[in-house]
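Heads up, final.cif below (mmCIF, C-alpha atoms):
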data_query
#
loop_
_atom_site.label_atom_id
_atom_site.label_comp_id
_atom_site.auth_asym_id
_atom_site.auth_seq_id
_atom_site.Cartn_x
_atom_site.Cartn_y
_atom_site.Cartn_z
CA MET D 1 0.00 0.00 0.00
CA ILE D 2 2.68 2.45 1.07
CA GLU D 3 4.92 1.39 -1.82
CA THR D 4 2.23 1.94 -4.45
CA LEU D 5 1.39 5.33 -2.91
CA ASP D 6 5.06 6.31 -3.03
CA MET D 7 5.22 5.26 -6.67
CA ILE D 8 2.09 7.28 -7.48
CA VAL D 9 3.56 10.36 -5.76
CA GLY D 10 6.78 9.96 -7.72
CA TRP D 11 4.88 9.74 -11.00
CA ALA D 12 2.77 12.74 -9.97
CA ALA D 13 5.96 14.73 -9.40
CA ALA D 14 7.11 13.78 -12.90
CA GLY D 15 3.75 14.81 -14.35
CA LEU D 16 3.81 18.16 -12.53
CA LEU D 17 7.36 18.61 -13.86
CA VAL D 18 6.04 18.29 -17.41
CA PHE D 19 3.14 20.63 -16.58
CA LEU D 20 5.62 23.25 -15.31
CA LEU D 21 7.03 23.56 -18.83
CA VAL D 22 3.97 25.68 -19.74
CA PRO D 23 4.70 28.57 -17.29
CA LEU D 24 8.38 28.24 -18.22
CA ALA D 25 7.52 28.79 -21.90
CA MET D 26 5.16 31.69 -21.09
CA THR D 27 7.80 33.46 -18.99
CA PHE D 28 10.39 32.82 -21.69
CA VAL D 29 8.13 34.48 -24.26
CA ARG D 30 7.87 37.54 -21.98
CA MET D 31 11.66 37.58 -21.62
CA VAL D 32 12.10 37.56 -25.40
CA ILE D 33 9.42 40.08 -26.41
CA GLY D 34 9.32 42.21 -23.22
CA PRO D 35 9.28 45.83 -24.41
CA GLY D 36 11.79 47.15 -21.87
CA TYR D 37 14.85 45.99 -19.98
CA ALA D 38 12.87 45.96 -16.72
CA ASP D 39 10.36 43.48 -18.17
CA ARG D 40 13.15 41.15 -19.17
CA PHE D 41 14.72 41.33 -15.70
CA VAL D 42 11.36 40.56 -14.08
CA ALA D 43 10.97 37.58 -16.42
CA VAL D 44 14.47 36.32 -15.54
CA ASP D 45 13.58 36.58 -11.83
CA MET D 46 10.43 34.55 -12.46
CA LEU D 47 12.38 31.99 -14.52
CA THR D 48 14.69 31.31 -11.57
CA GLY D 49 11.65 30.82 -9.32
CA ILE D 50 10.32 28.22 -11.75
CA ALA D 51 13.79 26.66 -11.89
CA VAL D 52 13.78 26.24 -8.10
CA ALA D 53 10.41 24.49 -8.34
CA ILE D 54 11.69 22.26 -11.17
CA ALA D 55 14.77 21.26 -9.14
CA ALA D 56 12.56 20.43 -6.13
CA LEU D 57 10.17 18.36 -8.28
CA THR D 58 13.13 16.51 -9.79
CA ALA D 59 14.21 15.62 -6.27
CA GLY D 60 10.66 14.34 -5.65
CA ALA D 61 10.48 12.36 -8.90
CA THR D 62 13.88 10.68 -8.60
CA GLY D 63 14.03 10.39 -4.80
CA ARG D 64 17.52 11.88 -4.77
CA ARG D 65 18.04 14.59 -2.16
CA GLU D 66 20.89 16.36 -4.01
CA PHE D 67 18.46 18.19 -6.32
CA LEU D 68 17.21 20.18 -3.31
CA ASP D 69 20.77 21.52 -3.00
CA VAL D 70 20.52 22.53 -6.66
CA GLY D 71 17.33 24.46 -5.88
CA LEU D 72 18.97 26.24 -2.95
CA ALA D 73 21.95 27.20 -5.14
CA ILE D 74 19.65 28.54 -7.87
CA ALA D 75 17.81 30.65 -5.27
CA LEU D 76 21.14 32.05 -3.99
CA ILE D 77 22.38 32.96 -7.48
CA SER D 78 19.05 34.48 -8.51
CA PHE D 79 19.15 36.93 -5.57
CA VAL D 80 22.61 38.18 -6.51
CA ALA D 81 21.68 38.35 -10.20
CA THR D 82 18.52 40.36 -9.53
CA CYS D 83 20.45 42.81 -7.31
CA ALA D 84 23.06 43.24 -10.06
CA PHE D 85 20.34 43.85 -12.68
CA ALA D 86 18.66 46.41 -10.41
CA ALA D 87 21.97 48.21 -9.81
CA PHE D 88 22.62 48.30 -13.57
CA LEU D 89 19.15 49.71 -14.29
CA GLU D 90 19.39 52.32 -11.54
CA ARG D 91 22.90 53.48 -12.46
CA LYS D 92 22.25 53.62 -16.22
CA GLY D 93 18.88 55.19 -15.54
CA ARG D 94 20.26 58.49 -14.33
CA MET E 1 0.61 8.93 9.43
CA ALA E 2 2.97 8.41 6.51
CA THR E 3 0.01 8.08 4.16
CA ILE E 4 -1.46 11.39 5.32
CA LEU E 5 1.91 13.11 4.91
CA THR E 6 2.28 11.69 1.40
CA LEU E 7 -1.19 12.92 0.40
CA LEU E 8 -0.39 16.34 1.90
CA ALA E 9 2.82 16.37 -0.16
CA LEU E 10 0.84 15.66 -3.33
CA LEU E 11 -1.66 18.43 -2.54
CA SER E 12 1.09 20.91 -1.67
CA LYS E 13 2.99 20.26 -4.89
CA PHE E 14 -0.19 20.63 -6.94
CA VAL E 15 -1.05 23.95 -5.21
CA GLY E 16 2.49 25.21 -5.85
CA VAL E 17 2.34 24.38 -9.55
CA VAL E 18 -1.06 26.11 -9.84
CA PHE E 19 0.39 29.24 -8.20
CA LEU E 20 3.38 29.17 -10.57
CA PHE E 21 0.99 28.86 -13.49
CA ALA E 22 -0.96 31.90 -12.26
CA ALA E 23 2.27 33.86 -11.85
CA ALA E 24 3.35 33.04 -15.41
CA LEU E 25 -0.10 34.03 -16.68
CA GLY E 26 0.26 37.38 -14.89
CA VAL E 27 3.76 37.93 -16.27
CA THR E 28 2.44 37.27 -19.76
CA ARG E 29 -0.87 39.14 -19.63
CA PHE E 30 -0.45 42.23 -17.40
CA LYS E 31 0.25 45.45 -19.29
CA ASP E 32 2.74 47.24 -17.02
CA THR E 33 6.20 46.33 -15.73
CA LEU E 34 5.29 46.90 -12.07
CA GLN E 35 2.07 44.90 -12.43
CA ARG E 36 4.04 42.04 -13.96
CA MET E 37 6.49 42.26 -11.07
CA HIS E 38 3.56 42.04 -8.63
CA ALA E 39 2.51 38.76 -10.24
CA ALA E 40 6.02 37.35 -10.54
CA THR E 41 7.30 38.07 -7.03
CA LYS E 42 4.24 37.21 -4.93
CA ALA E 43 2.64 34.27 -6.74
CA GLY E 44 6.00 32.98 -7.90
CA THR E 45 7.40 32.89 -4.36
CA VAL E 46 4.34 31.14 -2.96
CA GLY E 47 4.44 28.58 -5.79
CA ALA E 48 8.13 27.75 -5.33
CA ILE E 49 7.70 27.51 -1.54
CA PHE E 50 4.70 25.18 -1.79
CA VAL E 51 6.51 22.91 -4.25
CA MET E 52 9.58 22.80 -1.97
CA LEU E 53 7.36 22.02 1.04
CA GLY E 54 5.64 19.23 -0.87
CA VAL E 55 8.95 17.60 -1.76
CA VAL E 56 10.13 17.88 1.86
CA LEU E 57 6.90 16.19 3.01
CA GLN E 58 7.28 13.51 0.35
CA LEU E 59 10.89 12.52 1.05
CA GLN E 60 10.47 12.49 4.88
CA ARG E 61 14.20 12.42 5.57
CA THR E 62 16.16 14.64 7.93
CA ASP E 63 18.73 15.91 5.44
CA ALA E 64 16.08 16.73 2.83
CA THR E 65 14.01 18.56 5.45
CA VAL E 66 16.94 20.68 6.61
CA VAL E 67 17.96 21.71 3.08
CA GLY E 68 14.36 22.26 2.00
CA LEU E 69 13.46 24.44 4.99
CA ALA E 70 16.72 26.41 4.54
CA ALA E 71 15.79 27.04 0.91
CA ILE E 72 12.28 28.15 1.93
CA ALA E 73 13.65 30.55 4.56
CA PHE E 74 16.15 31.94 2.09
CA LEU E 75 13.46 32.51 -0.55
CA LEU E 76 11.25 34.27 2.03
CA ILE E 77 14.10 36.58 3.06
CA THR E 78 15.58 37.45 -0.33
CA ILE E 79 12.68 37.73 -2.77
CA PRO E 80 11.10 40.82 -1.10
CA VAL E 81 14.50 42.53 -1.07
CA ALA E 82 15.21 41.69 -4.70
CA GLY E 83 11.71 42.72 -5.77
CA HIS E 84 11.98 46.04 -3.94
CA LEU E 85 15.36 46.81 -5.53
CA LEU E 86 14.10 45.93 -9.01
CA ALA E 87 10.90 47.96 -8.62
CA ARG E 88 12.84 50.99 -7.37
CA ALA E 89 15.28 50.72 -10.27
CA THR E 90 12.37 50.40 -12.70
CA TYR E 91 10.73 53.56 -11.34
CA ILE E 92 13.96 55.58 -11.34
CA SER E 93 15.00 54.50 -14.83
CA GLY E 94 11.67 55.66 -16.24
CA GLY E 95 9.78 52.39 -16.75
CA SER E 96 6.15 52.64 -17.77
CA ILE E 97 3.60 53.28 -14.99
CA SER E 98 0.66 53.56 -17.37
CA GLY E 99 -1.32 50.98 -15.40
CA LEU E 100 -1.47 53.25 -12.33
CA ALA E 101 -5.02 53.95 -11.13
CA GLY E 102 -4.46 57.00 -8.87
CA ASP E 103 -1.77 59.64 -8.53
CA ASP E 104 1.96 58.93 -8.68
CA ALA E 105 2.66 58.83 -4.93
CA LEU E 106 6.43 58.67 -5.43
CA LYS E 107 6.54 61.94 -7.42
CA GLY E 108 9.11 64.20 -5.75
CA VAL E 109 10.28 61.43 -3.43
CA LEU E 110 12.45 59.59 -5.94
CA PRO E 111 14.10 61.05 -9.05
CA ARG E 112 12.58 59.74 -12.24
CA GLU E 113 13.62 59.84 -15.89
CA GLU E 114 11.12 60.94 -18.52
CA ARG E 115 11.80 58.13 -20.97
CA PRO E 116 12.67 54.46 -20.38
CA LEU E 117 16.29 53.31 -20.59
CA GLU E 118 16.06 51.49 -23.92
CA GLU E 119 14.62 54.56 -25.69
CA ARG E 120 17.42 56.76 -24.36
CA ILE E 121 20.10 54.24 -25.39
CA PHE E 122 18.65 53.96 -28.91
CA ALA E 123 18.41 57.76 -29.22
CA GLN E 124 22.05 58.06 -28.16
CA LEU E 125 23.13 55.43 -30.69
CA ALA E 126 21.13 57.15 -33.43
CA SER E 127 22.73 60.55 -32.70
CA GLN E 128 26.18 58.95 -32.71
CA ALA E 129 25.52 57.34 -36.10
CA GLU E 130 24.26 60.70 -37.41
CA GLU E 131 27.48 62.43 -36.30
CA GLU E 132 29.64 59.76 -37.92
CA ARG E 133 27.71 60.08 -41.16
CA GLU E 134 28.23 63.86 -41.11
CA VAL E 135 31.97 63.50 -40.51
CA GLU E 136 32.18 60.95 -43.32
CA GLY E 137 30.27 63.22 -45.71
CA ARG E 138 32.50 66.19 -44.90
CA ARG E 139 35.62 64.12 -45.54
CA ARG E 140 34.25 62.91 -48.88
CA ARG E 141 33.38 66.43 -50.00
CA ARG E 142 36.87 67.68 -49.11
CA GLY E 143 38.51 64.72 -50.90
#
Could you render the structure as structure tokens?
Amino acid sequence: MIETLDMIVGWAAAGLLVFLLVPLAMTFVRMVIGPGYADRFVAVDMLTGIAVAIAALTAGATGRREFLDVGLAIALISFVATCAFAAFLERKGR
Amino acid sequence: MATILTLLALLSKFVGVVFLFAAALGVTRFKDTLQRMHAATKAGTVGAIFVMLGVVLQLQRTDATVVGLAAIAFLLITIPVAGHLLARATYISGGSISGLAGDDALKGVLPREERPLEERIFAQLASQAEEEREVEGRRRRRG
């Protein structure tokens, strides 16, 4: 009973992983067409959020814990990247 | 107990993916940079946190729980800071606020450019190209 439930949850994680490709594609479209630099930076921020979720779901689907570390690292890098983008926009904006 | 936790994990992951979908919809459909940021930072954070929580509940191991909760805490601390910085930079660099309903409450508080950054950069490039063309034409006339 528990084993089948675990298997179902693993498959559900894989299915949700596939379903997450839709928001990923939508955000990517915004990053490509976004009229201004600020729109593109917002889309990149959102893309890293989706990437954290994808890393976590990969950990759920494969049962390997290391992918949670990947998610943590992506979150760390995305913070620094967003701060750098904001500094660029604010400095060039004057 | 384990069964309930596993079902909770499934529910949590599903809720997180739905929130991420809503955030992507907002990023695609809203008409203003700051409105898009509102969708991306709030719904995106909640979605990522719910997915992370679901995976932590699913794995039910100490190491996974520690790393997952650390990631959740880090996301909760940093995303408001990053969103604030990006919104401030957008306002200062002259991003569009056409979706604003009332008055511009930040007028006079923060300096703000008239035109967005990309327009100014393109105008600068165009004027540079114009100057080069003039110099080239003058040289050709003299020669």
Legend entry - Exercise: Val15 (chain E) partners within 8 Å, all atoms listed in the file, chain neighbours under 3 positions left out, as number ranges by chain: E: 11-12, 18-19, 47, 50-51
Inset, instruction - Tell me, in Å to one decimal, how far CA of Gly60 (chain D) is from CA of Phe28 (chain D). - result: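 Computed distance, CA of Gly60 (chain D) to CA of Phe28 (chain D), equals 24.5 Å.
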Inset, instruction - In Å, rounded to a single decimal, give me how far CA of Arg64 (chain D) is from CA of Asp6 (chain D). - result: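 Rounded to one decimal, the two atoms are 13.8 Å apart.
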Legend entry - the PyMOL selection byres ((chain E) within 7 of (chain D)) resolved against shown file, as number ranges by chain: E: 3, 10, 17, 20-21, 24, 27-28, 33, 37, 40, 44-45, 48, 51-52, 55, 58-59, 64, 67-68, 71, 75, 78, 82, 85-86, 89-90, 92-93, 113, 117-118
Inset, instruction - Please evaluate the PyMOL selection byres ((chain E and resi 57) around 8) against the structure above and give the resulting residues as a list in words. - result: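 Applied to this file, the PyMOL selection byres ((chain E and resi 57) around 8) selects Leu5, Thr6, Leu8, Ala9, Leu53, Gly54, Val55, Val56, Gln58, Leu59, Gln60 and Thr65 of chain E.
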Legend entry - Interatomic distance, CA of Ala101 (chain E) to CA of Lys31 (chain E) (Å, one decimal): 12.9 Å
